[in-house]
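**Student:** Just so it is clear, I am handing over final-v2.pdb, which has PDB, C-alpha atoms.
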```pdb
ATOM      1  CA  MET A 265      37.337   9.904 -33.524
ATOM      2  CA  ILE A 266      33.648   8.950 -33.565
ATOM      3  CA  ASP A 267      31.579  10.722 -30.940
ATOM      4  CA  LEU A 268      29.405   7.962 -29.490
ATOM      5  CA  LYS A 269      27.495  10.408 -27.274
ATOM      6  CA  ILE A 270      27.105   7.842 -24.505
ATOM      7  CA  GLY A 271      26.455  10.464 -21.848
ATOM      8  CA  GLU A 272      23.939  12.299 -24.010
ATOM      9  CA  THR A 273      22.096   9.061 -24.776
ATOM     10  CA  PHE A 274      21.939   8.165 -21.084
ATOM     11  CA  GLU A 275      20.622  11.636 -20.272
ATOM     12  CA  ASN A 276      17.909  11.330 -22.937
ATOM     13  CA  ILE A 277      16.809   7.970 -21.561
ATOM     14  CA  ILE A 278      16.590   9.350 -18.022
ATOM     15  CA  ASN A 279      14.632  12.411 -19.189
ATOM     16  CA  TRP A 280      12.207  10.191 -21.133
ATOM     17  CA  LEU A 281      11.615   7.985 -18.110
ATOM     18  CA  VAL A 282      11.040  11.007 -15.860
ATOM     19  CA  GLU A 283       8.517  12.488 -18.286
ATOM     20  CA  ASN A 284       6.588   9.311 -19.115
ATOM     21  CA  TRP A 285       6.869   7.130 -16.007
ATOM     22  CA  SER A 286       6.358   9.699 -13.255
ATOM     23  CA  GLY A 287       3.314   7.849 -11.858
ATOM     24  CA  PHE A 288       5.273   4.612 -11.629
ATOM     25  CA  PHE A 289       8.115   6.283  -9.749
ATOM     26  CA  ASP A 290       5.641   8.037  -7.437
ATOM     27  CA  GLY A 291       4.198   4.636  -6.533
ATOM     28  CA  ILE A 292       7.646   3.249  -5.773
ATOM     29  CA  SER A 293       8.436   6.353  -3.728
ATOM     30  CA  ASN A 294       5.283   5.976  -1.642
ATOM     31  CA  GLY A 295       5.986   2.299  -1.000
ATOM     32  CA  ILE A 296       9.585   2.856   0.075
ATOM     33  CA  GLN A 297       8.606   5.837   2.200
ATOM     34  CA  GLY A 298       5.982   3.704   3.946
ATOM     35  CA  ILE A 299       8.494   0.969   4.798
ATOM     36  CA  LEU A 300      11.059   3.518   5.958
ATOM     37  CA  THR A 301       8.551   5.362   8.130
ATOM     38  CA  GLY A 302       7.465   2.061   9.673
ATOM     39  CA  PHE A 303      11.031   1.129  10.631
ATOM     40  CA  GLU A 304      11.683   4.604  12.062
ATOM     41  CA  TRP A 305       8.460   4.466  14.088
ATOM     42  CA  LEU A 306       9.330   1.022  15.446
ATOM     43  CA  LEU A 307      12.908   1.932  16.403
ATOM     44  CA  LEU A 308      11.882   5.198  18.080
ATOM     45  CA  LEU A 309       8.723   3.834  19.730
ATOM     46  CA  ALA A 310      10.283   2.756  23.031
ATOM     47  CA  HIS A 311      12.694   4.623  25.293
ATOM     48  CA  PRO A 312      16.303   4.455  24.047
ATOM     49  CA  LEU A 313      17.424   2.481  27.105
ATOM     50  CA  VAL A 314      14.815  -0.195  26.362
ATOM     51  CA  VAL A 315      15.949  -0.447  22.741
ATOM     52  CA  ILE A 316      19.589  -0.597  23.825
ATOM     53  CA  GLY A 317      18.709  -3.461  26.168
ATOM     54  CA  ILE A 318      16.978  -5.311  23.318
ATOM     55  CA  PHE A 319      20.011  -4.830  21.071
ATOM     56  CA  ALA A 320      22.329  -6.112  23.819
ATOM     57  CA  VAL A 321      20.178  -9.210  24.439
ATOM     58  CA  LEU A 322      20.048  -9.876  20.686
ATOM     59  CA  ALA A 323      23.830  -9.590  20.487
ATOM     60  CA  TRP A 324      24.243 -11.876  23.531
ATOM     61  CA  PHE A 325      22.148 -14.712  22.088
ATOM     62  CA  THR A 326      23.613 -14.467  18.586
ATOM     63  CA  ALA A 327      27.232 -13.335  18.934
ATOM     64  CA  GLY A 328      28.124 -13.916  22.577
ATOM     65  CA  ARG A 329      28.856 -11.982  25.750
ATOM     66  CA  GLY A 330      31.702  -9.864  24.373
ATOM     67  CA  ILE A 331      29.651  -8.392  21.536
ATOM     68  CA  ALA A 332      26.732  -7.890  23.935
ATOM     69  CA  ILE A 333      28.914  -5.806  26.252
ATOM     70  CA  PHE A 334      30.260  -3.839  23.298
ATOM     71  CA  THR A 335      26.715  -3.250  22.038
ATOM     72  CA  LEU A 336      25.563  -2.037  25.448
ATOM     73  CA  ILE A 337      28.501   0.350  25.917
ATOM     74  CA  GLY A 338      28.514   1.487  22.289
ATOM     75  CA  PHE A 339      24.841   2.395  22.068
ATOM     76  CA  LEU A 340      24.930   4.033  25.495
ATOM     77  CA  LEU A 341      27.763   6.179  24.141
ATOM     78  CA  ILE A 342      25.665   7.083  21.094
ATOM     79  CA  PHE A 343      22.767   7.999  23.402
ATOM     80  CA  ASN A 344      25.077  10.093  25.586
ATOM     81  CA  LEU A 345      26.453  11.939  22.542
ATOM     82  CA  GLY A 346      22.926  12.922  21.514
ATOM     83  CA  PHE A 347      22.942  10.927  18.265
ATOM     84  CA  TRP A 348      20.259   8.408  19.178
ATOM     85  CA  VAL A 349      17.521   9.693  16.855
ATOM     86  CA  VAL A 350      19.800  10.140  13.839
ATOM     87  CA  THR A 351      21.360   6.712  14.473
ATOM     88  CA  MET A 352      17.928   5.085  14.431
ATOM     89  CA  GLU A 353      17.119   7.008  11.241
ATOM     90  CA  THR A 354      20.283   5.595   9.687
ATOM     91  CA  LEU A 355      19.447   2.082  10.885
ATOM     92  CA  ALA A 356      15.942   2.414   9.439
ATOM     93  CA  LEU A 357      17.394   3.533   6.096
ATOM     94  CA  VAL A 358      19.809   0.581   6.036
ATOM     95  CA  LEU A 359      17.098  -1.929   6.987
ATOM     96  CA  THR A 360      14.745  -0.571   4.314
ATOM     97  CA  ALA A 361      17.415  -0.635   1.605
ATOM     98  CA  VAL A 362      18.526  -4.157   2.542
ATOM     99  CA  LEU A 363      14.955  -5.470   2.722
ATOM    100  CA  VAL A 364      14.045  -4.144  -0.738
ATOM    101  CA  ALA A 365      17.408  -5.275  -2.161
ATOM    102  CA  LEU A 366      16.865  -8.823  -0.894
ATOM    103  CA  ILE A 367      13.367  -8.961  -2.390
ATOM    104  CA  PHE A 368      15.056  -8.655  -5.791
ATOM    105  CA  ALA A 369      18.475 -10.179  -5.103
ATOM    106  CA  ILE A 370      17.498 -13.606  -3.754
ATOM    107  CA  PRO A 371      15.086 -14.521  -6.600
ATOM    108  CA  ILE A 372      17.623 -13.295  -9.173
ATOM    109  CA  GLY A 373      20.341 -15.323  -7.438
ATOM    110  CA  ILE A 374      18.152 -18.441  -7.480
ATOM    111  CA  TRP A 375      17.364 -17.893 -11.160
ATOM    112  CA  ALA A 376      21.054 -17.419 -11.963
ATOM    113  CA  ALA A 377      21.909 -20.621 -10.084
ATOM    114  CA  LYS A 378      19.376 -22.566 -12.133
ATOM    115  CA  SER A 379      20.330 -21.163 -15.538
ATOM    116  CA  ASN A 380      23.805 -20.699 -17.000
ATOM    117  CA  THR A 381      22.368 -18.265 -19.539
ATOM    118  CA  VAL A 382      20.976 -16.034 -16.791
ATOM    119  CA  GLN A 383      24.257 -16.342 -14.898
ATOM    120  CA  ASN A 384      26.213 -15.190 -17.963
ATOM    121  CA  VAL A 385      23.875 -12.220 -18.423
ATOM    122  CA  VAL A 386      23.729 -11.227 -14.751
ATOM    123  CA  ARG A 387      27.459 -11.496 -14.017
ATOM    124  CA  PRO A 388      28.681  -8.546 -16.166
ATOM    125  CA  ILE A 389      25.768  -6.432 -14.936
ATOM    126  CA  LEU A 390      26.803  -7.093 -11.329
ATOM    127  CA  ASP A 391      30.433  -6.353 -12.203
ATOM    128  CA  PHE A 392      29.331  -3.024 -13.680
ATOM    129  CA  MET A 393      27.216  -2.209 -10.623
ATOM    130  CA  GLN A 394      30.060  -2.966  -8.211
ATOM    131  CA  THR A 395      32.725  -0.989 -10.106
ATOM    132  CA  LEU A 396      30.611   2.078 -10.904
ATOM    133  CA  PRO A 397      31.464   4.908  -8.463
ATOM    134  CA  ALA A 398      28.856   5.174  -5.729
ATOM    135  CA  PHE A 399      28.285   8.884  -6.422
ATOM    136  CA  VAL A 400      26.946   8.047  -9.901
ATOM    137  CA  TYR A 401      23.955   6.241  -8.393
ATOM    138  CA  LEU A 402      22.809   9.503  -6.839
ATOM    139  CA  ILE A 403      22.165  11.155 -10.226
ATOM    140  CA  PRO A 404      19.255   9.040 -11.548
ATOM    141  CA  ALA A 405      17.918   8.513  -8.013
ATOM    142  CA  VAL A 406      17.559  12.276  -7.526
ATOM    143  CA  LEU A 407      16.036  12.759 -10.987
ATOM    144  CA  PHE A 408      13.446  10.030 -10.419
ATOM    145  CA  PHE A 409      12.641  10.642  -6.739
ATOM    146  CA  LYS A 410      13.827  14.222  -6.000
ATOM    147  CA  LEU A 411      15.807  14.925  -2.821
ATOM    148  CA  GLY A 412      15.194  13.154   0.469
ATOM    149  CA  GLU A 413      15.207   9.742   2.079
ATOM    150  CA  VAL A 414      13.625   7.793  -0.806
ATOM    151  CA  PRO A 415      16.374   8.471  -3.397
ATOM    152  CA  ALA A 416      18.907   7.682  -0.662
ATOM    153  CA  VAL A 417      17.260   4.291  -0.111
ATOM    154  CA  VAL A 418      17.086   3.590  -3.861
ATOM    155  CA  SER A 419      20.730   4.468  -4.529
ATOM    156  CA  THR A 420      21.797   2.489  -1.453
ATOM    157  CA  LEU A 421      19.893  -0.664  -2.368
ATOM    158  CA  ILE A 422      21.215  -0.642  -5.947
ATOM    159  CA  PHE A 423      24.774  -0.204  -4.689
ATOM    160  CA  ALA A 424      24.396  -2.939  -2.053
ATOM    161  CA  LEU A 425      22.474  -5.518  -4.117
ATOM    162  CA  PRO A 426      25.247  -7.412  -6.031
ATOM    163  CA  PRO A 427      26.769  -9.462  -3.144
ATOM    164  CA  ALA A 428      23.390 -10.947  -2.239
ATOM    165  CA  VAL A 429      22.804 -12.028  -5.846
ATOM    166  CA  ARG A 430      26.295 -13.494  -6.235
ATOM    167  CA  LEU A 431      26.356 -15.442  -2.971
ATOM    168  CA  THR A 432      22.799 -16.721  -3.335
ATOM    169  CA  SER A 433      23.716 -18.132  -6.732
ATOM    170  CA  LEU A 434      27.022 -19.484  -5.428
ATOM    171  CA  GLY A 435      25.423 -21.118  -2.391
ATOM    172  CA  ILE A 436      22.811 -22.963  -4.424
ATOM    173  CA  ARG A 437      25.344 -24.047  -7.058
ATOM    174  CA  GLN A 438      27.572 -25.480  -4.310
ATOM    175  CA  VAL A 439      24.855 -27.734  -2.872
ATOM    176  CA  PRO A 440      26.229 -31.294  -3.232
ATOM    177  CA  LYS A 441      24.610 -33.247  -6.044
ATOM    178  CA  ASP A 442      24.095 -36.323  -3.859
ATOM    179  CA  ILE A 443      21.847 -34.322  -1.531
ATOM    180  CA  LYS A 444      19.714 -33.146  -4.450
ATOM    181  CA  GLU A 445      19.636 -36.678  -5.884
ATOM    182  CA  ALA A 446      18.444 -37.972  -2.520
ATOM    183  CA  GLY A 447      15.596 -35.476  -2.593
ATOM    184  CA  LYS A 448      14.629 -36.511  -6.118
ATOM    185  CA  SER A 449      14.722 -40.192  -5.170
ATOM    186  CA  PHE A 450      12.066 -39.536  -2.526
ATOM    187  CA  GLY A 451       9.807 -37.995  -5.160
ATOM    188  CA  SER A 452      10.343 -34.321  -4.283
ATOM    189  CA  THR A 453       9.187 -31.740  -6.796
ATOM    190  CA  PRO A 454      11.617 -29.055  -8.031
ATOM    191  CA  ASN A 455      10.017 -26.494  -5.688
ATOM    192  CA  GLN A 456      10.319 -28.871  -2.718
ATOM    193  CA  ILE A 457      13.979 -29.497  -3.538
ATOM    194  CA  LEU A 458      14.583 -25.746  -3.744
ATOM    195  CA  PHE A 459      12.867 -24.783  -0.491
ATOM    196  CA  LYS A 460      13.565 -27.883   1.600
ATOM    197  CA  VAL A 461      16.991 -28.935   0.324
ATOM    198  CA  GLU A 462      18.918 -26.299  -1.618
ATOM    199  CA  LEU A 463      18.022 -23.118   0.287
ATOM    200  CA  PRO A 464      18.581 -24.648   3.775
ATOM    201  CA  VAL A 465      21.961 -26.043   2.714
ATOM    202  CA  ALA A 466      22.944 -22.772   1.003
ATOM    203  CA  LEU A 467      21.693 -20.610   3.905
ATOM    204  CA  PRO A 468      25.146 -19.868   5.442
ATOM    205  CA  THR A 469      26.409 -18.584   2.085
ATOM    206  CA  ILE A 470      23.228 -16.566   1.537
ATOM    207  CA  LEU A 471      23.564 -15.027   5.014
ATOM    208  CA  ALA A 472      27.151 -14.086   4.177
ATOM    209  CA  GLY A 473      25.780 -12.239   1.151
ATOM    210  CA  ILE A 474      23.210 -10.496   3.353
ATOM    211  CA  ASN A 475      26.011  -9.465   5.718
ATOM    212  CA  GLN A 476      27.964  -7.903   2.844
ATOM    213  CA  THR A 477      24.819  -6.193   1.580
ATOM    214  CA  ILE A 478      24.265  -4.615   5.008
ATOM    215  CA  MET A 479      27.864  -3.413   5.177
ATOM    216  CA  LEU A 480      27.706  -1.882   1.692
ATOM    217  CA  ALA A 481      24.421  -0.188   2.551
ATOM    218  CA  LEU A 482      25.978   1.299   5.659
ATOM    219  CA  SER A 483      28.963   2.503   3.642
ATOM    220  CA  MET A 484      26.551   4.556   1.507
ATOM    221  CA  VAL A 485      25.201   6.448   4.527
ATOM    222  CA  VAL A 486      27.579   9.396   4.273
ATOM    223  CA  ILE A 487      27.252   9.635   0.481
ATOM    224  CA  ALA A 488      23.457   9.473   0.721
ATOM    225  CA  GLY A 489      23.597  12.386   3.158
ATOM    226  CA  MET A 490      24.475  14.565   0.159
ATOM    227  CA  ILE A 491      20.949  14.157  -1.218
ATOM    228  CA  GLY A 492      19.051  14.737   2.004
ATOM    229  CA  ALA A 493      19.045  11.257   3.526
ATOM    230  CA  GLY A 494      19.387  12.643   7.046
ATOM    231  CA  GLY A 495      20.687  10.432   9.822
ATOM    232  CA  LEU A 496      24.355  10.078  10.696
ATOM    233  CA  GLY A 497      25.413  10.727   7.112
ATOM    234  CA  ASN A 498      24.024  14.238   7.363
ATOM    235  CA  GLU A 499      25.951  14.808  10.606
ATOM    236  CA  VAL A 500      29.206  13.629   9.031
ATOM    237  CA  LEU A 501      28.572  15.802   5.993
ATOM    238  CA  LYS A 502      27.841  18.781   8.239
ATOM    239  CA  GLY A 503      31.112  18.200  10.068
ATOM    240  CA  ILE A 504      32.993  18.150   6.754
ATOM    241  CA  THR A 505      31.343  21.166   5.127
ATOM    242  CA  GLN A 506      31.341  23.310   8.261
ATOM    243  CA  LEU A 507      34.760  22.135   9.503
ATOM    244  CA  GLN A 508      33.239  20.925  12.775
ATOM    245  CA  ILE A 509      35.910  18.358  13.591
ATOM    246  CA  GLY A 510      34.285  17.184  16.813
ATOM    247  CA  LEU A 511      30.884  16.653  15.201
ATOM    248  CA  GLY A 512      32.417  14.745  12.309
ATOM    249  CA  PHE A 513      34.439  12.504  14.635
ATOM    250  CA  GLU A 514      31.544  11.746  16.992
ATOM    251  CA  SER A 515      29.116  10.929  14.195
ATOM    252  CA  GLY A 516      31.807   8.796  12.543
ATOM    253  CA  ILE A 517      32.271   6.839  15.771
ATOM    254  CA  SER A 518      28.503   6.293  15.903
ATOM    255  CA  ILE A 519      28.578   4.811  12.389
ATOM    256  CA  VAL A 520      31.447   2.500  13.392
ATOM    257  CA  ILE A 521      29.534   1.249  16.456
ATOM    258  CA  LEU A 522      26.417   0.588  14.393
ATOM    259  CA  ALA A 523      28.473  -1.158  11.697
ATOM    260  CA  ILE A 524      30.243  -3.462  14.161
ATOM    261  CA  PHE A 525      26.941  -4.382  15.811
ATOM    262  CA  LEU A 526      25.267  -5.248  12.512
ATOM    263  CA  ASP A 527      28.339  -7.068  11.189
ATOM    264  CA  ARG A 528      28.894  -9.277  14.237
ATOM    265  CA  VAL A 529      25.222 -10.169  14.661
ATOM    266  CA  THR A 530      24.717 -11.126  11.005
ATOM    267  CA  GLN A 531      28.023 -13.017  10.936
ATOM    268  CA  ALA A 532      26.976 -14.963  14.019
ATOM    269  CA  LEU A 533      23.639 -15.824  12.415
ATOM    270  CA  GLY A 534      25.489 -17.206   9.405
ATOM    271  CA  GLU A 535      27.862 -19.260  11.564
ATOM    272  CA  GLY A 536      24.947 -20.531  13.644
ATOM    273  CA  SER A 537      23.052 -21.714  10.576
ATOM    274  CA  SER A 538      26.209 -23.433   9.319
ATOM    275  CA  LYS A 539      26.605 -25.362  12.592
ATOM    276  CA  HIS A 540      22.910 -26.257  12.565
ATOM    277  CA  ARG A 541      23.249 -27.575   9.025
TER     278      ARG A 541
END
```
Just give me the structure of the file as structure tokens.

**Tutor:**
Amino acid sequence: MIDLKIGETFENIINWLVENWSGFFDGISNGIQGILTGFEWLLLLAHPLVVIGIFAVLAWFTAGRGIAIFTLIGFLLIFNLGFWVVTMETLALVLTAVLVALIFAIPIGIWAAKSNTVQNVVRPILDFMQTLPAFVYLIPAVLFFKLGEVPAVVSTLIFALPPAVRLTSLGIRQVPKDIKEAGKSFGSTPNQILFKVELPVALPTILAGINQTIMLALSMVVIAGMIGAGGLGNEVLKGITQLQIGLGFESGISIVILAIFLDRVTQALGEGSSKHR
């Protein structure tokens, strides 16, 4: 058998990047850390009861009374359990990862929708990203950015990025041709058709991709705790490694509450944009 040395080649590439692109990765690290710190500061600025009230009102106006009541009770439970700070740290990590992922995912999705060649190139890459075990993403992230919150954000955003790319491309490709032809008949430029016709019509599908991206990012929380991400993932990991069953269960419940809140609110936003369309 021929030894292809795939693992050795990958390791050499990573080592070369670490040695020669350290300044580039330091810049990325500083930028991500700044965004993450900003979200944490904003979420922890007001008293927890004020933030809980804001979350409940947001849930009421987007997802209805039932989800608002669940949000109020759920976050009050998190506050009572003493997990408020770590929950906000987790939420800040998810928001940062999703924000950076969308900065890349939506333009790539638009590009893939406009070009079959790009679509054919991007599709197997996304398949590879979605089937690769999540733990593997931690290896290069730690090598490039050391331990801490930044590599956790990087590994999370890479893991969570594919659905946003896929559904952005799908949404734009599914825009009816007669709507685009109507825009062209009124003399619209390609950019006007994209921003005033295609993206508004595809918005429900794009929001569905954002919802999946948020859920995947949240699913990485516990795994990211292994590389010093902090937040609820660290509490779950502590419960596992130290056999603290109660701590593991309570922190797990906190993740479930946060996940349901984010899922229902983003789903409702997608359904609302669909009705508006």

**Student:** Which value, in Å to one decimal, gives the distance between CA of Gln476 (chain A) and CA of Leu434 (chain A)?

**Tutor:**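 Separating CA of Gln476 (chain A) from CA of Leu434 (chain A) is a distance of 14.3 Å.
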
**Student:** What would the selection look like, as a PyMOL selection string, if the PyMOL selection byres ((chain A and resi 479) around 12) were run on the coordinates I just shared?

**Tutor:** chain A and resi 355+358-359+361-362+420-421+423-425+427-428+472-478+480-485+519-520+522-531

**Student:** Give me, as a CSV table (one decimal) with C-alpha atoms, in the frame of the given file, all polymer residues having an atom no more than 10 Å from Leu341 (chain A), counting all atoms listed in the file and skipping those fewer than 6 positions away in the same chain.

**Tutor:**
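Written file, part.csv:
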```csv
chain,number,residue,atom,x,y,z
A,335,THR,CA,26.7,-3.2,22.0
A,347,PHE,CA,22.9,10.9,18.3
A,348,TRP,CA,20.3,8.4,19.2
A,514,GLU,CA,31.5,11.7,17.0
A,517,ILE,CA,32.3,6.8,15.8
A,518,SER,CA,28.5,6.3,15.9
A,521,ILE,CA,29.5,1.2,16.5
```

**Student:** Starting from the shown file, work through the PyMOL selection byres ((chain A and resi 346) around 12) and note down what comes out as a compact mmCIF listing (two decimals) with C-alpha atoms, in the coordinates of the input.

**Tutor:**
```txt
# COMPACT_ATOMS: atom_id res chain seq x y z
CA PRO A 312 16.30 4.46 24.05
CA PHE A 339 24.84 2.40 22.07
CA LEU A 340 24.93 4.03 25.50
CA LEU A 341 27.76 6.18 24.14
CA ILE A 342 25.66 7.08 21.09
CA PHE A 343 22.77 8.00 23.40
CA ASN A 344 25.08 10.09 25.59
CA LEU A 345 26.45 11.94 22.54
CA PHE A 347 22.94 10.93 18.26
CA TRP A 348 20.26 8.41 19.18
CA VAL A 349 17.52 9.69 16.86
CA VAL A 350 19.80 10.14 13.84
CA THR A 351 21.36 6.71 14.47
CA MET A 352 17.93 5.08 14.43
CA LEU A 496 24.36 10.08 10.70
CA GLU A 499 25.95 14.81 10.61
CA LEU A 511 30.88 16.65 15.20
CA GLU A 514 31.54 11.75 16.99
CA SER A 515 29.12 10.93 14.20
CA SER A 518 28.50 6.29 15.90
```

**Student:** My list of candidates is A:Ile337, A:Val439, A:Ile372, A:Ile422. Which is closest to Leu396 (chain A) when distances are computed with all atoms listed in the file?

**Tutor:**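 Of A:Ile337, A:Val439, A:Ile372, A:Ile422, the one nearest Leu396 (chain A), counting all atoms listed in the file, is A:Ile422.
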
**Student:** Determine the residue membership of the PyMOL selection byres ((chain A and resi 323) around 10) for the file above and supply it as a PyMOL selection string.

**Tutor:** chain A and resi 317-322+324-336+525-526+528-530+532

**Student:** Using the selection just defined, write its residues with C-alpha atoms as a compact mmCIF listing (two decimals), keeping the file's coordinate frame.

**Tutor:**
```
# COMPACT_ATOMS: atom_id res chain seq x y z
CA GLY A 317 18.71 -3.46 26.17
CA ILE A 318 16.98 -5.31 23.32
CA PHE A 319 20.01 -4.83 21.07
CA ALA A 320 22.33 -6.11 23.82
CA VAL A 321 20.18 -9.21 24.44
CA LEU A 322 20.05 -9.88 20.69
CA TRP A 324 24.24 -11.88 23.53
CA PHE A 325 22.15 -14.71 22.09
CA THR A 326 23.61 -14.47 18.59
CA ALA A 327 27.23 -13.34 18.93
CA GLY A 328 28.12 -13.92 22.58
CA ARG A 329 28.86 -11.98 25.75
CA GLY A 330 31.70 -9.86 24.37
CA ILE A 331 29.65 -8.39 21.54
CA ALA A 332 26.73 -7.89 23.94
CA ILE A 333 28.91 -5.81 26.25
CA PHE A 334 30.26 -3.84 23.30
CA THR A 335 26.72 -3.25 22.04
CA LEU A 336 25.56 -2.04 25.45
CA PHE A 525 26.94 -4.38 15.81
CA LEU A 526 25.27 -5.25 12.51
CA ARG A 528 28.89 -9.28 14.24
CA VAL A 529 25.22 -10.17 14.66
CA THR A 530 24.72 -11.13 11.00
CA ALA A 532 26.98 -14.96 14.02
```

**Student:** For CA of Pro371 (chain A) and CA of Leu471 (chain A), determine how far apart the two atoms are, in Å to one decimal place.

**Tutor:**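 CA of Leu471 (chain A) lies at a distance of 14.4 Å from CA of Pro371 (chain A).
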
**Student:** Record the distance separating CA of Val417 (chain A) and CA of Lys502 (chain A), expressed in Å with one decimal.

**Tutor:**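 Computed distance, CA of Val417 (chain A) to CA of Lys502 (chain A), equals 19.8 Å.
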
**Student:** Let me make sure I understand: among A:Gly373, A:Gly435, A:Pro468, A:Pro426, which one has the smallest atom-to-atom distance to Gln394 (chain A) if we use all atoms listed in the file?

**Tutor:**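 When distances to Gln394 (chain A) are compared using all atoms listed in the file, the smallest one comes from A:Pro426.
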
**Student:** Extract, using all atoms listed in the file, all DNA, RNA and protein residues at most 9 Å from Lys444 (chain A), discarding same-chain residues fewer than 4 positions from it, and format them as a PyMOL selection string.

**Tutor:** chain A and resi 439-440+448-449+457+461-462

**Student:** Could you tell me which of A:Ala416, A:Val314, A:Leu467, A:Leu308 comes closest to Gly494 (chain A) if we count all atoms listed in the file?

**Tutor:**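 Among the listed residues, A:Ala416 lies closest to Gly494 (chain A).
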
**Student:** At most 8 Å from (20.2, 9.1, -6.6), file frame, all atoms listed in the file: which residues, as a list in words?

**Tutor:** Val400, Tyr401, Leu402, Ile403, Pro404, Ala405, Val406, Leu407, Phe408, Phe409, Pro415, Ala416, Val418, Ser419 and Ile491 of chain A

**Student:** Kindly save the residues from that selection, with C-alpha atoms included, as a short mmCIF file (atom, residue, chain, number, x, y, z; two decimals), keeping the file's coordinate frame.

**Tutor:**
```cif
data_model
loop_
_atom_site.label_atom_id
_atom_site.label_comp_id
_atom_site.auth_asym_id
_atom_site.auth_seq_id
_atom_site.Cartn_x
_atom_site.Cartn_y
_atom_site.Cartn_z
CA VAL A 400 26.95 8.05 -9.90
CA TYR A 401 23.96 6.24 -8.39
CA LEU A 402 22.81 9.50 -6.84
CA ILE A 403 22.16 11.16 -10.23
CA PRO A 404 19.26 9.04 -11.55
CA ALA A 405 17.92 8.51 -8.01
CA VAL A 406 17.56 12.28 -7.53
CA LEU A 407 16.04 12.76 -10.99
CA PHE A 408 13.45 10.03 -10.42
CA PHE A 409 12.64 10.64 -6.74
CA PRO A 415 16.37 8.47 -3.40
CA ALA A 416 18.91 7.68 -0.66
CA VAL A 418 17.09 3.59 -3.86
CA SER A 419 20.73 4.47 -4.53
CA ILE A 491 20.95 14.16 -1.22
#
```

**Student:** Calculated over all atoms listed in the file, which of the candidates A:Leu431, A:Leu366, A:Ile470, A:Leu501 has the smallest distance to Gly516 (chain A)?

**Tutor:**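 Under the stated criterion, the closest residue is A:Leu501.
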
**Student:** Nearest to Val429 (chain A) among A:Ile370, A:Ala488, A:Leu411, A:Val385, with distances taken over all atoms listed in the file: which residue is it?

**Tutor:**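 Among the listed residues, the smallest separation from Val429 (chain A) belongs to A:Ile370.
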